[in-house]
file my_file-v2.cif (mmCIF, C-alpha atoms and all ligand atoms)
data_query
loop_
_atom_site.label_atom_id
_atom_site.label_comp_id
_atom_site.auth_asym_id
_atom_site.auth_seq_id
_atom_site.Cartn_x
_atom_site.Cartn_y
_atom_site.Cartn_z
CA MET A 1 174.62 157.74 72.26
CA SER A 2 177.94 157.44 74.14
CA SER A 3 180.42 155.50 72.09
CA LYS A 4 183.85 154.05 72.74
CA LYS A 5 186.65 154.43 70.19
CA ILE A 6 187.21 151.62 67.67
CA LEU A 7 190.52 151.36 65.85
CA VAL A 8 190.73 148.98 62.88
CA LEU A 9 194.15 147.90 61.59
CA GLY A 10 194.28 146.04 58.29
CA SER A 11 194.26 145.71 54.54
CA VAL A 12 192.84 147.73 51.66
CA ASN A 13 192.27 146.00 48.31
CA ALA A 14 190.77 146.86 44.96
CA ASP A 15 188.62 143.83 44.09
CA HIS A 16 188.77 143.31 40.29
CA LEU A 17 185.80 141.07 39.58
CA VAL A 18 184.84 139.27 36.37
CA ARG A 19 181.84 136.93 35.98
CA VAL A 20 182.67 133.75 34.03
CA PRO A 21 180.48 130.85 32.86
CA ARG A 22 182.95 128.49 34.56
CA LEU A 23 186.35 128.86 36.28
CA PRO A 24 189.31 128.42 33.89
CA LYS A 25 191.55 125.33 34.09
CA PRO A 26 195.36 125.88 34.21
CA GLY A 27 196.47 127.35 30.87
CA GLU A 28 192.90 127.98 29.70
CA THR A 29 191.34 131.32 28.68
CA VAL A 30 187.65 131.81 29.45
CA ALA A 31 185.60 134.77 28.19
CA GLY A 32 184.09 136.73 31.07
CA LYS A 33 181.74 139.70 31.42
CA ASP A 34 180.53 142.43 33.80
CA TYR A 35 184.03 143.57 34.86
CA GLU A 36 183.85 145.68 38.02
CA VAL A 37 186.35 147.23 40.45
CA ILE A 38 184.88 147.09 43.94
CA PRO A 39 186.46 148.47 47.14
CA GLY A 40 187.47 145.59 49.42
CA GLY A 41 190.18 144.23 51.72
CA LYS A 42 189.24 142.82 55.11
CA GLY A 43 190.57 145.77 57.09
CA ALA A 44 188.80 148.33 54.92
CA ASN A 45 185.56 146.33 54.90
CA GLN A 46 185.57 146.13 58.69
CA ALA A 47 186.41 149.83 59.11
CA VAL A 48 183.61 150.78 56.70
CA ALA A 49 181.18 148.47 58.54
CA CYS A 50 182.10 150.09 61.87
CA ALA A 51 181.66 153.63 60.58
CA ARG A 52 178.53 153.00 58.48
CA LEU A 53 176.84 151.32 61.45
CA GLY A 54 177.53 154.25 63.78
CA GLY A 55 180.86 153.44 65.43
CA GLN A 56 183.50 156.05 66.25
CA THR A 57 186.10 154.61 63.90
CA ALA A 58 189.76 155.22 63.03
CA PHE A 59 191.75 153.10 60.57
CA ILE A 60 195.45 152.21 60.30
CA ALA A 61 196.28 151.03 56.77
CA CYS A 62 198.60 151.46 53.81
CA VAL A 63 197.37 152.21 50.28
CA GLY A 64 199.44 152.86 47.15
CA ASP A 65 200.24 156.24 45.62
CA ASP A 66 198.00 155.26 42.69
CA ALA A 67 194.55 156.55 41.77
CA PHE A 68 192.74 153.80 43.68
CA GLY A 69 194.60 154.64 46.91
CA ALA A 70 193.51 158.29 46.71
CA VAL A 71 189.91 157.33 45.88
CA MET A 72 189.80 154.89 48.79
CA ILE A 73 190.89 157.54 51.29
CA GLN A 74 188.15 159.87 50.00
CA ARG A 75 185.57 157.08 50.35
CA PHE A 76 186.70 156.22 53.89
CA LYS A 77 186.29 159.90 54.82
CA ALA A 78 182.81 159.97 53.24
CA ASP A 79 181.86 156.99 55.44
CA GLY A 80 183.03 158.98 58.50
CA ILE A 81 186.29 157.10 59.15
CA ASP A 82 189.21 158.96 60.77
CA THR A 83 191.91 158.43 58.09
CA GLN A 84 194.83 160.24 59.77
CA ALA A 85 196.67 156.87 59.95
CA VAL A 86 195.88 155.70 56.41
CA CYS A 87 199.23 156.12 54.67
CA GLN A 88 199.75 156.51 50.90
CA VAL A 89 203.06 154.69 50.36
CA ALA A 90 205.36 156.03 47.61
CA ASP A 91 206.09 153.73 44.65
CA GLN A 92 203.54 151.13 45.75
CA MET A 93 200.33 149.90 44.18
CA THR A 94 197.22 149.54 46.35
CA GLY A 95 196.58 145.85 47.15
CA VAL A 96 194.50 143.95 44.59
CA ALA A 97 192.28 140.90 44.59
CA LEU A 98 191.65 139.33 41.15
CA ILE A 99 188.34 137.49 41.42
CA CYS A 100 186.53 135.19 38.97
CA VAL A 101 182.97 134.19 39.94
CA ASP A 102 181.16 131.45 38.00
CA SER A 103 177.44 130.92 37.46
CA GLN A 104 177.23 128.72 40.61
CA ALA A 105 178.70 131.61 42.69
CA GLU A 106 181.91 129.53 43.06
CA ASN A 107 184.98 131.77 42.91
CA CYS A 108 188.74 131.76 42.62
CA ILE A 109 190.73 134.65 44.03
CA VAL A 110 194.35 135.78 43.71
CA ILE A 111 195.58 138.50 46.06
CA ALA A 112 198.68 140.69 45.61
CA PRO A 113 199.29 142.67 48.81
CA GLY A 114 200.91 145.77 47.25
CA ALA A 115 201.03 148.55 49.87
CA ASN A 116 199.45 146.28 52.50
CA ALA A 117 202.87 144.58 52.82
CA LYS A 118 204.28 147.91 54.10
CA LEU A 119 202.16 147.95 57.28
CA THR A 120 205.14 146.74 59.29
CA THR A 121 206.48 147.37 62.82
CA ARG A 122 207.88 150.84 62.08
CA ARG A 123 204.61 152.18 60.65
CA VAL A 124 202.62 150.70 63.53
CA GLN A 125 205.01 152.19 66.12
CA ALA A 126 204.36 155.61 64.58
CA GLN A 127 200.68 155.18 65.57
CA GLN A 128 201.41 154.29 69.21
CA ALA A 129 199.37 157.21 70.64
CA LEU A 130 196.37 156.42 68.42
CA ILE A 131 196.44 152.74 69.44
CA ALA A 132 196.90 153.43 73.16
CA GLY A 133 194.10 156.02 73.09
CA SER A 134 191.51 153.62 71.62
CA ASP A 135 189.07 151.38 73.44
CA TYR A 136 189.03 148.50 70.93
CA LEU A 137 191.64 147.35 68.41
CA LEU A 138 190.17 145.18 65.62
CA MET A 139 192.60 143.30 63.35
CA GLN A 140 192.64 140.59 60.66
CA LEU A 141 195.50 138.67 58.97
CA GLU A 142 195.93 140.32 55.53
CA THR A 143 198.84 142.55 56.68
CA PRO A 144 202.32 141.56 57.97
CA LEU A 145 202.47 139.65 61.24
CA ASP A 146 205.25 141.82 62.71
CA GLY A 147 203.02 144.90 62.45
CA LEU A 148 200.12 143.04 64.07
CA LEU A 149 202.35 141.87 66.94
CA GLU A 150 203.54 145.42 67.54
CA ALA A 151 199.97 146.75 67.59
CA VAL A 152 198.85 144.00 69.98
CA GLU A 153 201.78 144.73 72.31
CA ILE A 154 200.96 148.47 72.45
CA ALA A 155 197.23 147.80 72.89
CA HIS A 156 197.70 145.10 75.53
CA ASN A 157 200.01 147.33 77.61
CA ALA A 158 197.55 150.25 77.36
CA GLY A 159 194.52 148.16 78.42
CA VAL A 160 192.90 148.41 74.97
CA LYS A 161 190.61 145.42 74.17
CA VAL A 162 192.21 143.40 71.35
CA VAL A 163 189.78 141.72 68.94
CA LEU A 164 191.28 139.38 66.31
CA ASN A 165 189.35 138.17 63.29
CA PRO A 166 191.84 135.41 62.29
CA ALA A 167 191.13 135.61 58.56
CA PRO A 168 192.32 134.42 56.12
CA ALA A 169 192.97 131.17 58.01
CA LYS A 170 196.55 130.61 59.09
CA ALA A 171 198.45 129.19 62.08
CA LEU A 172 199.32 131.86 64.64
CA PRO A 173 202.13 132.26 67.20
CA ASP A 174 201.29 132.05 70.92
CA GLU A 175 202.67 135.56 71.48
CA LEU A 176 199.74 136.86 69.41
CA LEU A 177 196.99 134.58 70.73
CA THR A 178 197.85 135.08 74.40
CA ARG A 179 197.33 138.86 74.07
CA VAL A 180 193.97 138.63 72.32
CA ASP A 181 190.85 139.40 74.41
CA MET A 182 188.29 138.30 71.82
CA ILE A 183 188.68 136.07 68.75
CA THR A 184 186.14 135.82 65.91
CA PRO A 185 186.95 132.89 63.58
CA ASN A 186 184.59 131.35 61.04
CA GLN A 187 184.25 127.56 60.99
CA THR A 188 187.35 126.93 58.83
CA GLU A 189 189.51 129.29 60.87
CA ALA A 190 188.32 127.80 64.18
CA GLU A 191 189.21 124.32 62.91
CA LEU A 192 192.67 125.44 61.77
CA LEU A 193 193.42 127.06 65.15
CA THR A 194 192.08 124.19 67.30
CA GLY A 195 192.18 121.01 65.17
CA ILE A 196 188.47 120.50 65.97
CA SER A 197 185.91 120.22 63.14
CA VAL A 198 183.30 122.94 63.57
CA ASN A 199 180.25 121.64 61.68
CA ASP A 200 177.67 122.31 64.39
CA VAL A 201 177.24 123.84 67.84
CA VAL A 202 178.84 120.82 69.53
CA GLY A 203 182.03 121.32 67.52
CA ALA A 204 181.82 125.09 68.10
CA ALA A 205 181.56 124.60 71.88
CA GLU A 206 184.55 122.26 71.86
CA ALA A 207 186.65 124.59 69.69
CA ALA A 208 185.68 127.55 71.90
CA GLY A 209 186.88 125.58 74.95
CA LYS A 210 190.25 125.07 73.31
CA LEU A 211 190.55 128.78 72.41
CA HIS A 212 189.68 129.71 76.03
CA ALA A 213 192.43 127.33 77.16
CA MET A 214 194.89 129.40 75.06
CA GLY A 215 194.00 132.36 77.30
CA ILE A 216 191.34 134.06 75.14
CA GLU A 217 188.47 135.38 77.28
CA THR A 218 185.73 135.75 74.65
CA VAL A 219 185.23 133.45 71.65
CA VAL A 220 182.82 134.25 68.81
CA ILE A 221 182.63 131.57 66.08
CA THR A 222 180.55 132.58 63.07
CA LEU A 223 178.52 129.71 61.60
CA GLY A 224 177.27 131.09 58.28
CA SER A 225 173.47 131.04 57.96
CA GLN A 226 173.13 129.33 61.38
CA GLY A 227 174.35 132.49 63.12
CA VAL A 228 177.10 132.55 65.73
CA TRP A 229 178.40 130.67 68.75
CA ILE A 230 179.41 133.07 71.54
CA SER A 231 181.36 131.92 74.57
CA GLU A 232 182.55 133.90 77.57
CA GLU A 233 184.87 132.06 79.95
CA GLY A 234 183.41 128.71 78.91
CA ASN A 235 179.74 129.77 79.07
CA GLY A 236 178.60 129.26 75.45
CA ARG A 237 175.34 129.71 73.50
CA LEU A 238 174.07 129.99 69.91
CA VAL A 239 172.70 133.33 68.71
CA GLU A 240 170.63 132.36 65.69
CA GLY A 241 171.11 134.03 62.30
CA TYR A 242 168.47 135.82 60.22
CA SER A 243 166.81 133.97 57.37
CA VAL A 244 167.51 135.69 54.02
CA THR A 245 168.04 134.67 50.39
CA PRO A 246 171.79 134.99 49.86
CA VAL A 247 173.16 136.34 46.57
CA ASP A 248 176.83 136.97 47.52
CA THR A 249 178.46 136.25 50.89
CA THR A 250 181.53 138.44 50.22
CA ALA A 251 182.26 140.52 53.34
CA ALA A 252 179.62 138.77 55.48
CA GLY A 253 182.28 138.04 58.09
CA ASP A 254 183.68 141.58 57.84
CA THR A 255 180.23 143.13 58.25
CA PHE A 256 179.62 140.85 61.24
CA ASN A 257 182.88 141.91 62.93
CA GLY A 258 182.34 145.63 62.35
CA ALA A 259 178.72 145.49 63.51
CA MET A 260 179.54 143.53 66.65
CA LEU A 261 182.26 145.98 67.64
CA VAL A 262 179.92 148.93 67.11
CA ALA A 263 177.27 147.41 69.36
CA LEU A 264 179.87 146.59 72.04
CA SER A 265 181.28 150.12 71.76
CA HIS A 266 177.78 151.43 72.52
CA GLY A 267 177.72 149.38 75.71
CA GLU A 268 175.51 146.49 74.49
CA SER A 269 175.87 142.98 75.95
CA LEU A 270 177.67 140.31 73.90
CA ASP A 271 174.32 138.59 73.16
CA LYS A 272 172.75 141.81 71.84
CA ALA A 273 175.89 142.69 69.90
CA ALA A 274 175.90 139.23 68.25
CA ASN A 275 172.24 139.61 67.30
CA PHE A 276 172.85 143.07 65.80
CA ALA A 277 175.86 141.68 63.91
CA ASN A 278 173.87 138.68 62.59
CA ALA A 279 171.28 141.12 61.22
CA ALA A 280 173.88 143.37 59.58
CA ALA A 281 175.72 140.39 58.04
CA ALA A 282 172.45 138.83 56.82
CA LEU A 283 171.63 142.07 54.97
CA SER A 284 175.12 142.10 53.44
CA VAL A 285 174.67 138.61 51.90
CA THR A 286 171.55 139.82 50.06
CA ARG A 287 173.75 142.23 48.03
CA HIS A 288 176.73 141.94 45.70
CA GLY A 289 180.29 143.04 46.43
CA ALA A 290 182.30 143.88 49.53
CA GLN A 291 181.86 147.46 50.79
CA PRO A 292 178.79 148.23 48.65
CA SER A 293 176.97 145.36 50.41
CA ILE A 294 177.47 146.74 53.94
CA PRO A 295 174.13 148.11 55.22
CA SER A 296 173.39 151.35 57.06
CA ARG A 297 172.45 151.46 60.74
CA ASP A 298 168.81 152.31 59.89
CA GLU A 299 168.47 149.18 57.74
CA VAL A 300 169.87 146.95 60.48
CA GLU A 301 167.68 148.51 63.17
CA LYS A 302 164.58 147.84 61.04
CA LEU A 303 165.53 144.14 60.72
CA VAL A 304 166.39 143.77 64.41
CA ALA A 305 163.19 145.46 65.60
P1 LIG A 401 182.76 135.48 54.28
O1 LIG A 401 184.15 134.89 54.17
O2 LIG A 401 181.79 134.96 53.26
O3 LIG A 401 182.76 136.95 54.42
P2 LIG A 401 182.86 134.15 56.76
O4 LIG A 401 183.19 132.77 56.26
O5 LIG A 401 183.96 134.93 57.38
O6 LIG A 401 182.14 134.97 55.66
P3 LIG A 401 180.39 133.22 57.92
O7 LIG A 401 180.41 132.42 59.18
O8 LIG A 401 180.11 132.49 56.65
O9 LIG A 401 181.74 134.04 57.88
O10 LIG A 401 179.31 134.39 58.04
C1 LIG A 401 179.46 135.46 58.97
C2 LIG A 401 178.10 135.85 59.47
O11 LIG A 401 177.32 136.31 58.34
C3 LIG A 401 177.28 134.74 60.09
O12 LIG A 401 177.59 134.57 61.46
C4 LIG A 401 175.87 135.24 59.87
O13 LIG A 401 175.53 136.21 60.82
C5 LIG A 401 175.97 135.93 58.49
N1 LIG A 401 175.64 135.03 57.37
C6 LIG A 401 176.48 134.39 56.54
N2 LIG A 401 175.82 133.67 55.61
C7 LIG A 401 174.51 133.88 55.84
C8 LIG A 401 173.29 133.43 55.23
N3 LIG A 401 173.31 132.60 54.16
N4 LIG A 401 172.11 133.85 55.75
C9 LIG A 401 172.07 134.69 56.81
N5 LIG A 401 173.18 135.15 57.43
C10 LIG A 401 174.38 134.76 56.96
#
call {"tool": "encode", "arguments": {"input": "my_file-v2.cif", "output": "structure tokens"}}
result
Amino acid sequence: MSSKKILVLGSVNADHLVRVPRLPKPGETVAGKDYEVIPGGKGANQAVACARLGGQTAFIACVGDDAFGAVMIQRFKADGIDTQAVCQVADQMTGVALICVDSQAENCIVIAPGANAKLTTRRVQAQQALIAGSDYLLMQLETPLDGLLEAVEIAHNAGVKVVLNPAPAKALPDELLTRVDMITPNQTEAELLTGISVNDVVGAAEAAGKLHAMGIETVVITLGSQGVWISEEGNGRLVEGYSVTPVDTTAAGDTFNGAMLVALSHGESLDKAANFANAAAALSVTRHGAQPSIPSRDEVEKLVA
């Protein structure tokens, strides 16, 4: 299968997860159980999704010079990711997410960026050839904005398709949005970027129109279990999701983004890519954790067939 080159730029986190009967109030201590350390971070999740689902994938990221950083690089390699641009930064800890999940699956999360904060302009400039030689650049918002702007500038000038998953939700400068070819917000992120409530397809269509008006050619708004609203130059439609029993939606959006890019990199249409991505993301919500929940290509193909 001929495949274009996908480059993911983004964060790597160690997710430290504890299950609690209920979330603690300020100043309170709650006894938890089932402590786990799970590989996560939006950039890493999306790179793993791309590689595991059959995409030709390279990753630009910063990890710490701690044990977790070294383990993560080994795991990325085992998934088939090109890690030449994953840097172990001296005297830095790998990024962490401290996560409490209660019995209703409600969570509270604290993130400390650690080495992710070092993915700045200078480090991105050092990867100019890798960026310019890719076909797609996929980014999220868990690493510094100046590094993202530099990557977008290099990619835009080299004719590389820029795909932005604007997560976690935050306001963005025009100089970033005007250089993005495809944007993939969830409902909350679409609302923050456009001021339009995205509760249904009507809201999604309106929000997509506003994102097109900012100069973005392709808009993909994920709608949880409903699936996804895709819109190319104002021509929008719903691609329905797959019906599953969810147990943990962590990394659903990341799996969706990685899967969609893989399908596009194999020359599929946007509709087919969205369907493939819905299937991959639906499988991920039936499993716990971030990267461990990302399915293989075989599993997704069985569901799509
Ligand atoms: P998360 O932050 O939980 O990773 P997200 O908020 O970024 O996810 P969502 O829109 O909730 O993104 O979900 C992304 C995609 O995952 C959806 O478009 C859909 O394909 C799939 N998905 C999410 N939840 C479900 C579900 N309950 N059942 C089936 N598919 C789902």
call {"tool": "axis_aligned_box", "arguments": {"input": "my_file-v2.cif", "around": "ligand LIG 401 (chain A)", "padding_each_side": "4 Å", "output": "AutoDock Vina command-line options"}}
result
--center_x 178.1 --center_y 134.7 --center_z 57.4 --size_x 20.1 --size_y 12.5 --size_z 16.2
call {"tool": "residues_near_ligand", "arguments": {"input": "my_file-v2.cif", "ligand": "ligand LIG 401 (chain A)", "cutoff": "6 Å", "atoms": "all atoms listed in the file", "output": "JSON, numbers by chain"}}
result
{"A": [186, 222, 223, 224, 225, 227, 228, 241, 242, 243, 244, 246, 249, 250, 251, 252, 253, 254, 256, 278, 281, 282]}
call {"tool": "closest_residue", "arguments": {"input": "my_file-v2.cif", "among": "A:Pro21, A:Gly64, A:Gly234, A:Gly40", "to": "Asn107 of chain A", "atoms": "only C-alpha atoms"}}
result
A:Pro21
call {"tool": "residues_around", "arguments": {"input": "my_file-v2.cif", "residues": "Val152 of chain A", "least_positions_apart": "6", "cutoff": "12 Å", "atoms": "all atoms listed in the file", "output": "compact mmCIF listing (two decimals) with C-alpha atoms, in the frame of the given file"}}
result
# COMPACT_ATOMS: atom_id res chain seq x y z
CA LEU A 7 190.52 151.36 65.85
CA VAL A 8 190.73 148.98 62.88
CA LEU A 9 194.15 147.90 61.59
CA THR A 121 206.48 147.37 62.82
CA VAL A 124 202.62 150.70 63.53
CA GLN A 125 205.01 152.19 66.12
CA GLN A 128 201.41 154.29 69.21
CA ILE A 131 196.44 152.74 69.44
CA ALA A 132 196.90 153.43 73.16
CA TYR A 136 189.03 148.50 70.93
CA LEU A 137 191.64 147.35 68.41
CA LEU A 138 190.17 145.18 65.62
CA MET A 139 192.60 143.30 63.35
CA GLN A 140 192.64 140.59 60.66
CA LEU A 145 202.47 139.65 61.24
CA ASP A 146 205.25 141.82 62.71
CA ALA A 158 197.55 150.25 77.36
CA GLY A 159 194.52 148.16 78.42
CA VAL A 160 192.90 148.41 74.97
CA LYS A 161 190.61 145.42 74.17
CA VAL A 162 192.21 143.40 71.35
CA VAL A 163 189.78 141.72 68.94
CA LEU A 164 191.28 139.38 66.31
CA GLU A 175 202.67 135.56 71.48
CA LEU A 176 199.74 136.86 69.41
CA LEU A 177 196.99 134.58 70.73
CA THR A 178 197.85 135.08 74.40
CA ARG A 179 197.33 138.86 74.07
CA VAL A 180 193.97 138.63 72.32
CA ASP A 181 190.85 139.40 74.41
call {"tool": "closest_residue", "arguments": {"input": "my_file-v2.cif", "among": "A:Arg52, A:Lys4, A:Lys25, A:Lys42", "to": "Arg297 of chain A", "atoms": "only C-alpha atoms"}}
result
A:Arg52
call {"tool": "closest_residue", "arguments": {"input": "my_file-v2.cif", "among": "A:Ala117, A:Ile221, A:Pro173, A:Gln56", "to": "Pro185 of chain A", "atoms": "all atoms listed in the file"}}
result
A:Ile221
call {"tool": "closest_residue", "arguments": {"input": "my_file-v2.cif", "among": "A:Glu233, A:Thr194, A:Asp248, A:Leu211", "to": "Ala105 of chain A", "atoms": "all atoms listed in the file"}}
result
A:Asp248
call {"tool": "closest_residue", "arguments": {"input": "my_file-v2.cif", "among": "A:Leu17, A:Ala167, A:Leu148, A:Leu98", "to": "Ala61 of chain A", "atoms": "all atoms listed in the file"}}
result
A:Leu148
call {"tool": "atom_distance", "arguments": {"input": "my_file-v2.cif", "atom1": "atom CA of Ala280 of chain A", "atom2": "atom CA of Met260 of chain A"}}
result
9.1 Å
call {"tool": "decode", "arguments": {"input": "my_file-v2.cif", "residues": "segment 68-78 of chain A", "atoms": "all heavy atoms", "output": "PDB file, in the first residue's frame"}}
result
ATOM      1  N   PHE A  68      11.353   7.058  32.591  1.00  0.00           N
ATOM      2  CA  PHE A  68      10.155   7.003  31.756  1.00  0.00           C
ATOM      3  C   PHE A  68      10.445   7.479  30.329  1.00  0.00           C
ATOM      4  O   PHE A  68       9.950   6.903  29.356  1.00  0.00           O
ATOM      5  CB  PHE A  68       9.018   7.836  32.372  1.00  0.00           C
ATOM      6  CG  PHE A  68       7.700   7.572  31.708  1.00  0.00           C
ATOM      7  CD1 PHE A  68       6.956   6.449  32.036  1.00  0.00           C
ATOM      8  CD2 PHE A  68       7.214   8.422  30.732  1.00  0.00           C
ATOM      9  CE1 PHE A  68       5.750   6.182  31.395  1.00  0.00           C
ATOM     10  CE2 PHE A  68       6.006   8.164  30.088  1.00  0.00           C
ATOM     11  CZ  PHE A  68       5.280   7.041  30.429  1.00  0.00           C
ATOM     12  N   GLY A  69      11.291   8.522  30.219  1.00  0.00           N
ATOM     13  CA  GLY A  69      11.634   9.040  28.887  1.00  0.00           C
ATOM     14  C   GLY A  69      12.282   7.954  28.039  1.00  0.00           C
ATOM     15  O   GLY A  69      11.920   7.749  26.866  1.00  0.00           O
ATOM     16  N   ALA A  70      13.240   7.221  28.636  1.00  0.00           N
ATOM     17  CA  ALA A  70      13.938   6.160  27.893  1.00  0.00           C
ATOM     18  C   ALA A  70      12.963   5.042  27.513  1.00  0.00           C
ATOM     19  O   ALA A  70      12.984   4.538  26.378  1.00  0.00           O
ATOM     20  CB  ALA A  70      15.083   5.608  28.743  1.00  0.00           C
ATOM     21  N   VAL A  71      12.093   4.673  28.446  1.00  0.00           N
ATOM     22  CA  VAL A  71      11.110   3.605  28.165  1.00  0.00           C
ATOM     23  C   VAL A  71      10.169   4.034  27.042  1.00  0.00           C
ATOM     24  O   VAL A  71       9.833   3.250  26.143  1.00  0.00           O
ATOM     25  CB  VAL A  71      10.297   3.267  29.446  1.00  0.00           C
ATOM     26  CG1 VAL A  71       9.108   2.385  29.124  1.00  0.00           C
ATOM     27  CG2 VAL A  71      11.193   2.602  30.469  1.00  0.00           C
ATOM     28  N   MET A  72       9.757   5.305  27.074  1.00  0.00           N
ATOM     29  CA  MET A  72       8.821   5.774  26.039  1.00  0.00           C
ATOM     30  C   MET A  72       9.442   5.676  24.650  1.00  0.00           C
ATOM     31  O   MET A  72       8.794   5.260  23.702  1.00  0.00           O
ATOM     32  CB  MET A  72       8.394   7.230  26.321  1.00  0.00           C
ATOM     33  CG  MET A  72       7.376   7.382  27.414  1.00  0.00           C
ATOM     34  SD  MET A  72       6.000   6.252  27.284  1.00  0.00           S
ATOM     35  CE  MET A  72       5.349   6.641  25.686  1.00  0.00           C
ATOM     36  N   ILE A  73      10.717   6.069  24.542  1.00  0.00           N
ATOM     37  CA  ILE A  73      11.366   6.004  23.222  1.00  0.00           C
ATOM     38  C   ILE A  73      11.398   4.554  22.736  1.00  0.00           C
ATOM     39  O   ILE A  73      11.114   4.272  21.560  1.00  0.00           O
ATOM     40  CB  ILE A  73      12.781   6.640  23.282  1.00  0.00           C
ATOM     41  CG1 ILE A  73      12.646   8.158  23.508  1.00  0.00           C
ATOM     42  CG2 ILE A  73      13.549   6.361  21.991  1.00  0.00           C
ATOM     43  CD1 ILE A  73      13.952   8.893  23.706  1.00  0.00           C
ATOM     44  N   GLN A  74      11.713   3.622  23.638  1.00  0.00           N
ATOM     45  CA  GLN A  74      11.724   2.199  23.247  1.00  0.00           C
ATOM     46  C   GLN A  74      10.339   1.758  22.775  1.00  0.00           C
ATOM     47  O   GLN A  74      10.199   1.046  21.780  1.00  0.00           O
ATOM     48  CB  GLN A  74      12.161   1.317  24.426  1.00  0.00           C
ATOM     49  CG  GLN A  74      13.639   1.425  24.769  1.00  0.00           C
ATOM     50  CD  GLN A  74      14.521   1.374  23.518  1.00  0.00           C
ATOM     51  OE1 GLN A  74      14.338   0.538  22.636  1.00  0.00           O
ATOM     52  NE2 GLN A  74      15.455   2.314  23.424  1.00  0.00           N
ATOM     53  N   ARG A  75       9.305   2.196  23.496  1.00  0.00           N
ATOM     54  CA  ARG A  75       7.934   1.805  23.105  1.00  0.00           C
ATOM     55  C   ARG A  75       7.537   2.406  21.757  1.00  0.00           C
ATOM     56  O   ARG A  75       6.858   1.768  20.956  1.00  0.00           O
ATOM     57  CB  ARG A  75       6.935   2.280  24.159  1.00  0.00           C
ATOM     58  CG  ARG A  75       6.929   1.422  25.399  1.00  0.00           C
ATOM     59  CD  ARG A  75       5.828   1.948  26.285  1.00  0.00           C
ATOM     60  NE  ARG A  75       5.704   1.155  27.473  1.00  0.00           N
ATOM     61  CZ  ARG A  75       4.565   0.600  27.884  1.00  0.00           C
ATOM     62  NH1 ARG A  75       3.458   0.771  27.192  1.00  0.00           N
ATOM     63  NH2 ARG A  75       4.527  -0.095  28.984  1.00  0.00           N
ATOM     64  N   PHE A  76       7.915   3.667  21.535  1.00  0.00           N
ATOM     65  CA  PHE A  76       7.601   4.292  20.236  1.00  0.00           C
ATOM     66  C   PHE A  76       8.241   3.479  19.109  1.00  0.00           C
ATOM     67  O   PHE A  76       7.619   3.209  18.084  1.00  0.00           O
ATOM     68  CB  PHE A  76       8.123   5.735  20.178  1.00  0.00           C
ATOM     69  CG  PHE A  76       7.472   6.689  21.146  1.00  0.00           C
ATOM     70  CD1 PHE A  76       8.171   7.776  21.644  1.00  0.00           C
ATOM     71  CD2 PHE A  76       6.150   6.512  21.555  1.00  0.00           C
ATOM     72  CE1 PHE A  76       7.581   8.661  22.533  1.00  0.00           C
ATOM     73  CE2 PHE A  76       5.558   7.393  22.446  1.00  0.00           C
ATOM     74  CZ  PHE A  76       6.278   8.466  22.939  1.00  0.00           C
ATOM     75  N   LYS A  77       9.507   3.079  19.331  1.00  0.00           N
ATOM     76  CA  LYS A  77      10.217   2.287  18.307  1.00  0.00           C
ATOM     77  C   LYS A  77       9.484   0.969  18.082  1.00  0.00           C
ATOM     78  O   LYS A  77       9.323   0.523  16.940  1.00  0.00           O
ATOM     79  CB  LYS A  77      11.658   2.019  18.748  1.00  0.00           C
ATOM     80  CG  LYS A  77      12.542   3.235  18.606  1.00  0.00           C
ATOM     81  CD  LYS A  77      13.988   2.892  18.931  1.00  0.00           C
ATOM     82  CE  LYS A  77      14.864   4.120  18.739  1.00  0.00           C
ATOM     83  NZ  LYS A  77      16.049   4.105  19.564  1.00  0.00           N
ATOM     84  N   ALA A  78       9.049   0.334  19.178  1.00  0.00           N
ATOM     85  CA  ALA A  78       8.356  -0.964  19.056  1.00  0.00           C
ATOM     86  C   ALA A  78       7.055  -0.809  18.261  1.00  0.00           C
ATOM     87  O   ALA A  78       6.624  -1.740  17.579  1.00  0.00           O
ATOM     88  CB  ALA A  78       8.067  -1.525  20.444  1.00  0.00           C
TER      89      ALA A  78
END
